[in-house]
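Listing of my_file_22.txt, compact mmCIF, C-alpha atoms
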# COMPACT_ATOMS: atom_id res chain seq x y z
CA MET H 1 113.62 181.62 281.57
CA ASN H 2 113.62 184.53 279.12
CA PHE H 3 111.21 185.69 276.44
CA GLN H 4 113.67 185.05 273.59
CA SER H 5 114.11 181.40 274.67
CA ILE H 6 110.36 180.88 274.81
CA LYS H 7 109.82 182.62 271.47
CA ASN H 8 112.49 180.44 269.83
CA ALA H 9 110.97 177.29 271.34
CA VAL H 10 107.53 178.17 269.97
CA ILE H 11 108.88 179.16 266.53
CA TYR H 12 110.94 175.99 266.16
CA GLY H 13 108.01 173.90 267.41
CA VAL H 14 105.75 175.31 264.69
CA MET H 15 108.52 174.83 262.11
CA GLY H 16 108.87 171.21 263.19
CA ILE H 17 105.14 170.58 262.75
CA LEU H 18 105.12 172.25 259.34
CA THR H 19 108.16 170.25 258.25
CA ILE H 20 106.54 166.97 259.26
CA VAL H 21 103.24 167.87 257.57
CA GLY H 22 105.06 169.04 254.46
CA SER H 23 107.10 165.85 254.24
CA SER H 24 104.12 163.48 254.09
CA GLY H 25 105.18 162.38 250.61
CA PRO H 26 108.27 160.36 249.68
CA VAL H 27 111.42 161.58 251.43
CA GLN H 28 114.97 160.80 250.39
CA ALA H 29 116.57 158.55 253.02
CA SER H 30 119.63 160.04 254.72
CA ASN H 31 122.44 157.81 255.90
CA ILE H 32 124.11 160.51 257.98
CA VAL H 33 123.39 161.79 261.49
CA SER H 34 125.21 165.01 262.35
CA ALA H 35 127.06 165.49 265.61
CA GLY H 36 124.81 167.11 268.21
CA TRP H 37 123.04 166.78 271.53
CA ASP H 38 120.20 164.67 272.89
CA LEU H 39 118.20 166.46 275.62
CA PHE H 40 116.25 164.24 278.01
CA GLN H 41 113.85 164.46 280.94
CA THR H 42 113.86 161.62 283.46
CA GLN H 43 110.54 159.77 283.78
CA PRO H 44 108.77 157.76 286.51
CA GLY H 45 110.19 154.26 286.83
CA THR H 46 113.79 155.46 287.18
CA SER H 47 115.57 153.72 290.04
CA PHE H 48 119.00 153.31 291.60
CA GLY H 49 119.30 150.48 294.08
CA ILE H 50 116.34 150.45 296.45
CA ALA H 51 115.09 153.91 295.61
CA GLY H 52 113.17 155.73 292.92
CA PHE H 53 114.91 158.75 291.37
CA GLU H 54 113.70 161.81 289.45
CA GLY H 55 115.33 164.50 287.36
CA VAL H 56 116.52 167.88 288.65
CA PRO H 57 116.00 170.47 285.86
CA LEU H 58 119.17 172.15 284.62
CA GLY H 59 117.45 175.42 283.72
CA THR H 60 120.16 176.61 281.34
CA PHE H 61 123.08 174.86 279.68
CA ASN H 62 126.26 176.11 278.00
CA PHE H 63 126.56 174.13 274.76
CA ASN H 64 130.01 175.62 274.14
CA SER H 65 131.54 173.25 276.70
CA GLY H 66 133.13 169.81 276.75
CA THR H 67 134.92 168.16 273.84
CA ASN H 68 134.74 170.21 270.62
CA GLY H 69 132.68 172.92 272.36
CA ASP H 70 129.57 173.64 270.31
CA PHE H 71 131.27 172.57 267.04
CA GLY H 72 131.65 176.23 266.10
CA ARG H 73 127.88 176.68 265.80
CA SER H 74 127.60 179.72 268.13
CA ILE H 75 124.90 178.01 270.20
CA ASP H 76 126.44 179.04 273.54
CA THR H 77 124.10 179.11 276.57
CA GLN H 78 120.42 178.28 276.06
CA ASN H 79 117.39 177.71 278.25
CA VAL H 80 116.77 173.94 278.35
CA PHE H 81 113.71 174.13 280.62
CA GLY H 82 113.08 170.76 282.36
CA THR H 83 116.04 168.94 280.79
CA ASP H 84 118.07 166.98 283.37
CA THR H 85 120.23 164.77 281.15
CA ILE H 86 122.25 165.75 278.05
CA ILE H 87 124.21 163.36 275.83
CA LYS H 88 126.54 164.69 273.14
CA ARG H 89 127.39 162.82 269.93
CA LEU H 90 130.97 163.83 269.14
CA GLU H 91 131.12 162.86 265.47
CA ASP H 92 128.84 162.53 262.49
CA ALA H 93 127.41 159.01 262.19
CA VAL H 94 127.80 157.71 258.65
CA ALA H 95 126.35 154.39 257.48
CA GLY H 96 129.03 151.74 257.19
CA VAL H 97 131.71 153.83 258.94
CA ASN H 98 133.22 153.49 262.42
CA ASN H 99 134.00 157.08 263.42
CA SER H 100 134.70 156.23 267.05
CA LYS H 101 138.06 157.44 268.36
CA PHE H 102 137.76 156.09 271.92
CA THR H 103 140.00 153.33 273.23
CA ASN H 104 139.89 151.24 276.40
CA ALA H 105 141.77 154.05 278.14
CA ASP H 106 138.85 156.39 277.44
CA LEU H 107 136.29 153.93 278.77
CA PRO H 108 137.86 152.13 281.76
CA GLY H 109 135.72 149.25 282.92
CA VAL H 110 133.75 149.15 279.67
CA PRO H 111 135.08 146.67 277.10
CA ILE H 112 135.28 148.26 273.66
CA LEU H 113 132.88 146.29 271.50
CA PRO H 114 134.02 144.97 268.11
CA GLY H 115 133.82 147.50 265.30
CA ILE H 116 131.44 147.44 262.39
CA GLY H 117 131.99 144.40 260.22
CA GLN H 118 134.36 142.78 262.74
CA ALA H 119 133.65 139.44 264.38
CA GLY H 120 130.93 139.96 266.98
CA GLY H 121 130.42 143.59 265.95
CA PRO H 122 127.54 145.34 264.18
CA PRO H 123 126.97 143.90 260.72
CA VAL H 124 127.49 145.84 257.52
CA PHE H 125 124.59 145.18 255.18
CA PRO H 126 124.79 145.88 251.45
CA GLY H 127 125.46 149.57 251.01
CA GLY H 128 126.39 149.94 254.68
CA THR H 129 123.70 150.52 257.30
CA VAL H 130 125.45 151.00 260.66
CA GLY H 131 127.55 153.91 261.89
CA ARG H 132 129.44 154.17 265.19
CA VAL H 133 130.22 157.39 267.07
CA ASP H 134 131.56 158.47 270.45
CA LEU H 135 129.34 159.91 273.17
CA GLU H 136 129.97 162.36 275.99
CA VAL H 137 127.72 162.84 279.02
CA SER H 138 127.37 166.62 279.13
CA ALA H 139 124.90 166.86 282.02
CA LEU H 140 123.10 164.65 284.54
CA GLN H 141 121.21 165.69 287.69
CA LEU H 142 119.00 163.22 289.57
CA ARG H 143 117.65 162.92 293.12
CA SER H 144 115.78 160.32 295.12
CA THR H 145 112.02 160.77 295.16
CA THR H 146 111.85 160.16 298.94
CA PRO H 147 114.35 160.27 301.83
CA ILE H 148 116.48 157.11 301.83
CA ASN H 149 119.60 155.74 303.51
CA LEU H 150 122.31 154.35 301.24
CA GLY H 151 124.66 153.90 304.18
CA PHE H 152 125.62 157.55 304.63
CA GLY H 153 122.63 158.87 306.54
CA THR H 154 118.96 159.44 305.71
CA GLY H 155 117.90 162.17 303.32
CA ILE H 156 117.25 163.06 299.69
CA TYR H 157 120.21 161.70 297.70
CA TYR H 158 121.48 163.54 294.62
CA GLU H 159 123.44 162.07 291.70
CA THR H 160 125.78 164.51 289.94
CA LEU H 161 128.62 164.11 287.44
CA GLN H 162 132.18 163.94 288.69
CA SER H 163 133.18 166.04 285.68
CA ILE H 164 131.53 169.17 287.17
CA HIS H 165 134.40 169.44 289.66
CA GLY H 166 137.21 168.34 287.33
CA GLY H 167 136.71 164.58 287.61
CA PRO H 168 136.59 162.13 284.71
CA MET H 169 134.09 162.80 281.94
CA GLY H 170 131.21 160.42 281.27
CA ARG H 171 131.73 158.79 277.88
CA GLY H 172 130.35 156.09 275.64
CA LEU H 173 129.64 154.64 272.22
CA MET H 174 126.60 154.56 269.95
CA ASP H 175 125.84 152.30 266.99
CA ILE H 176 123.16 153.77 264.71
CA THR H 177 121.36 151.56 262.20
CA PHE H 178 119.96 153.31 259.11
CA GLY H 179 116.89 151.93 257.38
CA PRO H 180 114.23 153.24 254.96
CA GLU H 181 113.17 156.83 255.61
CA GLY H 182 110.25 157.09 258.00
CA ILE H 183 109.36 156.87 261.68
CA PRO H 184 111.33 154.98 262.81
CA HIS H 185 114.25 155.41 260.42
CA GLY H 186 116.31 152.82 262.28
CA MET H 187 117.50 151.55 265.65
CA PHE H 188 120.42 152.28 267.92
CA ASN H 189 122.42 150.80 270.78
CA SER H 190 124.45 152.84 273.24
CA TRP H 191 126.91 152.13 276.06
CA LEU H 192 127.81 154.78 278.62
CA TYR H 193 130.47 154.94 281.33
CA ILE H 194 129.39 157.62 283.84
CA PRO H 195 131.45 158.56 286.94
CA ILE H 196 129.02 160.05 289.49
CA ASP H 197 129.00 161.48 293.00
CA LEU H 198 126.32 161.03 295.64
CA ARG H 199 125.33 163.98 297.81
CA ILE H 200 122.66 164.42 300.49
CA GLY H 201 120.34 167.40 300.62
CA SER H 202 121.25 169.26 297.42
CA ALA H 203 123.19 168.99 294.16
CA THR H 204 125.95 171.15 295.68
CA ALA H 205 126.17 169.46 299.10
CA PRO H 206 129.39 167.68 300.15
CA ILE H 207 130.11 164.40 298.36
CA VAL H 208 129.39 161.36 300.52
CA ALA H 209 130.28 158.65 297.98
CA SER H 210 131.29 158.09 294.37
CA ASP H 211 130.47 155.37 291.88
CA ILE H 212 130.63 154.56 288.18
CA LEU H 213 127.47 153.76 286.25
CA LEU H 214 127.48 151.49 283.22
CA VAL H 215 124.35 152.44 281.28
CA THR H 216 123.16 150.52 278.21
CA THR H 217 120.36 151.04 275.70
CA THR H 218 119.61 148.36 273.11
CA GLY H 219 117.24 148.17 270.17
CA ALA H 220 115.80 151.69 270.57
CA ASP H 221 114.00 153.42 267.68
CA TRP H 222 115.07 156.75 266.18
CA SER H 223 114.07 159.03 263.33
CA HIS H 224 114.83 162.46 261.85
CA PHE H 225 111.58 163.88 263.29
CA PRO H 226 111.05 165.10 266.88
CA PRO H 227 108.23 163.78 269.04
CA THR H 228 105.29 166.09 269.68
CA GLY H 229 106.17 168.92 272.06
CA ALA H 230 109.92 168.31 272.01
CA LEU H 231 112.27 171.15 272.92
CA LEU H 232 113.90 172.26 269.67
CA ILE H 233 117.13 174.25 269.82
CA GLY H 234 117.82 175.23 266.25
CA PRO H 235 120.47 177.39 264.56
CA GLN H 236 121.53 180.49 266.47
CA ALA H 237 123.71 181.91 263.68
CA ALA H 238 123.31 182.08 259.89
CA GLY H 239 124.88 179.12 258.12
CA GLN H 240 125.35 177.13 261.35
CA GLY H 241 123.56 174.07 262.68
CA GLY H 242 121.48 173.85 265.84
CA ALA H 243 121.93 171.78 268.98
CA ASN H 244 119.27 169.13 268.31
CA TYR H 245 117.24 170.60 265.44
CA LEU H 246 118.37 171.46 261.87
CA LEU H 247 121.79 170.08 262.75
CA ASN H 248 123.10 170.74 259.24
CA GLY H 249 121.74 174.29 259.33
CA VAL H 250 119.32 173.61 256.47
CA ASP H 251 116.83 170.81 257.12
CA GLN H 252 116.07 167.77 259.29
CA THR H 253 117.68 165.15 257.06
CA THR H 254 120.65 164.66 259.43
CA ASP H 255 118.76 165.18 262.73
CA PHE H 256 118.57 162.41 265.35
CA TRP H 257 115.56 161.89 267.62
CA PRO H 258 115.17 158.82 269.86
CA GLY H 259 111.75 157.21 270.17
CA GLN H 260 109.21 158.38 272.73
CA THR H 261 110.63 156.60 275.80
CA LEU H 262 114.00 154.96 276.46
CA ASN H 263 114.59 152.38 279.19
CA GLU H 264 118.30 152.39 279.99
CA SER H 265 119.76 149.60 282.09
CA ILE H 266 122.13 150.63 284.91
CA THR H 267 124.80 148.53 286.60
CA SER H 268 127.26 150.29 288.89
CA VAL H 269 130.83 149.32 289.70
CA ASN H 270 129.64 148.92 293.30
CA ASN H 271 127.05 146.37 292.12
CA ILE H 272 123.99 148.62 292.41
CA ILE H 273 121.33 147.86 289.81
CA GLY H 274 118.80 150.28 288.40
CA GLN H 275 117.24 151.80 285.32
CA HIS H 276 117.02 155.27 283.82
CA VAL H 277 113.75 155.98 282.01
CA VAL H 278 113.93 159.07 279.82
CA MET H 279 112.14 160.85 277.00
CA SER H 280 113.06 163.85 274.87
CA ALA H 281 112.87 167.11 276.83
CA LEU H 282 109.69 169.11 276.29
CA VAL H 283 108.87 172.80 276.05
CA PRO H 284 106.57 174.19 278.79
CA GLU H 285 102.83 173.67 278.50
CA PRO H 286 101.31 176.06 275.91
CA GLY H 287 99.25 177.81 278.57
CA SER H 288 102.37 178.60 280.58
CA VAL H 289 104.13 179.94 277.49
CA VAL H 290 101.19 182.16 276.56
CA LEU H 291 100.78 183.56 280.08
CA LEU H 292 104.49 184.26 280.43
CA GLY H 293 104.57 185.81 276.97
CA LEU H 294 101.64 188.08 277.85
CA GLY H 295 103.39 189.05 281.07
CA VAL H 296 106.55 189.99 279.20
CA LEU H 297 104.55 191.96 276.63
CA GLY H 298 102.78 193.76 279.47
CA ILE H 299 106.13 194.76 280.95
CA TYR H 300 107.30 196.05 277.56
CA GLY H 301 104.02 197.97 277.15
CA TYR H 302 104.35 199.53 280.60
CA GLY H 303 107.89 200.66 279.81
CA TRP H 304 106.79 202.10 276.47
CA ARG H 305 103.99 204.10 278.12
CA ARG H 306 106.40 205.49 280.71
CA ARG H 307 108.80 206.58 277.98
CA GLN H 308 105.93 208.24 276.06
CA ARG H 309 104.84 210.19 279.16
CA ALA H 310 108.42 211.27 279.83
CA ALA H 311 108.68 212.55 276.27

Structure translated into structure tokens:
Amino acid sequence: MNFQSIKNAVIYGVMGILTIVGSSGPVQASNIVSAGWDLFQTQPGTSFGIAGFEGVPLGTFNFNSGTNGDFGRSIDTQNVFGTDTIIKRLEDAVAGVNNSKFTNADLPGVPILPGIGQAGGPPVFPGGTVGRVDLEVSALQLRSTTPINLGFGTGIYYETLQSIHGGPMGRGLMDITFGPEGIPHGMFNSWLYIPIDLRIGSATAPIVASDILLVTTTGADWSHFPPTGALLIGPQAAGQGGANYLLNGVDQTTDFWPGQTLNESITSVNNIIGQHVVMSALVPEPGSVVLLGLGVLGIYGYGWRRRQRAA
């Protein structure tokens, strides 16, 4: 955790509050969601099979990784605090347009659902209200809340992505429904295919088993405005968009924020049932930020005094 990351988090948090307050009047509805990242923290109620699971904070994350890197936005590596799950939207979602490029080969075991306007697919209302995009699972770290035995010995079990050691990437689809501007602005459904490994003792321990998770979210709310306390990673370079805030580099009209809590249903290829309960990742408690900031300022002050004495 560094001072610049904390300062940026506080600045963007204040900007988000001011933007929401300032937009209390009529706002022009936007029917576009820019490509970007959703940062989540796992919540109580998450389970896999017989056990409860919790998130393992990532600490930092390199946004210039995976498909399309960071979309040329110069975001690079940022402190993501308690984030344990990151989902990347690979294309802009546009109302009435199917921008998905995935085929059955990209999502083995997950039937590709009918496209927008096709039989059995999302409807296209007058003017077009639904957009489809591809998803990529950029990060996922979970562990059992207590020692368990899933058939490979007793201990704390960790779930990690197969993609971290060159295995297949977790992928999926998202249908975003656009409605009148407000909170919520619409609803979304998502389907994820996530190859995982199970380890005992740590996230870097030897792999004891592998599985594929099929994770679905249906009828979840979203809006252009972040929930209170959300971690905002905005533009890092002039003229470029952020990771999850000010995605178009200018304002929040193409941002995407899921509702407060998502309950994702899990079914594994090995017939293990569970659920993943998540909410948008948060910045540290204000008290922690202030204390750490004062500590950093104290260090800078001490260094300045030493330089003055030396002079």

Can you find the residues with an atom no farther than 10 Å from (117.0, 148.3, 287.7), counting all atoms listed in the file, and report them as a tab-separated table (two decimals) with C-alpha atoms, keeping the file's coordinate frame?
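Writing done, so here's result_36.tsv:
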chain	number	residue	atom	x	y	z
H	45	GLY	CA	110.19	154.26	286.83
H	46	THR	CA	113.79	155.46	287.18
H	47	SER	CA	115.57	153.72	290.04
H	48	PHE	CA	119.00	153.31	291.60
H	49	GLY	CA	119.30	150.48	294.08
H	50	ILE	CA	116.34	150.45	296.45
H	51	ALA	CA	115.09	153.91	295.61
H	52	GLY	CA	113.17	155.73	292.92
H	263	ASN	CA	114.59	152.38	279.19
H	264	GLU	CA	118.30	152.39	279.99
H	265	SER	CA	119.76	149.60	282.09
H	266	ILE	CA	122.13	150.63	284.91
H	267	THR	CA	124.80	148.53	286.60
H	272	ILE	CA	123.99	148.62	292.41
H	273	ILE	CA	121.33	147.86	289.81
H	274	GLY	CA	118.80	150.28	288.40
H	275	GLN	CA	117.24	151.80	285.32
H	276	HIS	CA	117.02	155.27	283.82

Separation of atom CA of Leu150 of chain H from atom CA of Val278 of chain H, in Å and rounded to one decimal: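 Between atom CA of Leu150 of chain H and atom CA of Val278 of chain H the gap is 23.5 Å.
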
Interatomic distance, atom CA of Ala209 of chain H to atom CA of Asp134 of chain H (Å, one decimal):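 Pair atom CA of Ala209 of chain H / atom CA of Asp134 of chain H returns 27.6 Å.
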
Neighbours of point (122.8, 159.6, 257.5) within 7 Å, using all atoms listed in the file, written as a PyMOL selection string: chain H and resi 30-33+93-95+254

Residues within 12 Å of Gly242 of chain H, all atoms listed in the file, excluding chain neighbours under 4 positions, as a ChimeraX atom specification: /H:8,12,34-38,63,70-76,78,231-238,246-252,254-256

Pick from H:Gln260, H:Thr145, H:Asn99, H:Ser65, whichever lies nearest to Pro227 of chain H using all atoms listed in the file: H:Gln260

Sorted per-residue table, segment 202-273 of chain H near segment 168-190 of chain H, closest atoms and distance, 8 Å, only C-alpha atoms, as CSV:
residue,atom,partner,partner_atom,distance
H:Thr216,CA,H:Ser190,CA,5.6
H:Thr217,CA,H:Ser190,CA,5.1
H:Thr218,CA,H:Asn189,CA,4.4
H:Gly219,CA,H:Met187,CA,5.6
H:Ala220,CA,H:Met187,CA,5.2
H:Asp221,CA,H:Met187,CA,4.5
H:Trp222,CA,H:Pro184,CA,5.3
H:Ser223,CA,H:His185,CA,4.6
H:His224,CA,H:His185,CA,7.2
H:Phe225,CA,H:Ile183,CA,7.5
H:Gly259,CA,H:Pro184,CA,7.7

Coordinates-based distance that separates atom CA of Ser202 of chain H from atom CA of Asp84 of chain H (Å, one decimal):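 Between atom CA of Asp84 of chain H and atom CA of Ser202 of chain H the gap is 14.6 Å.
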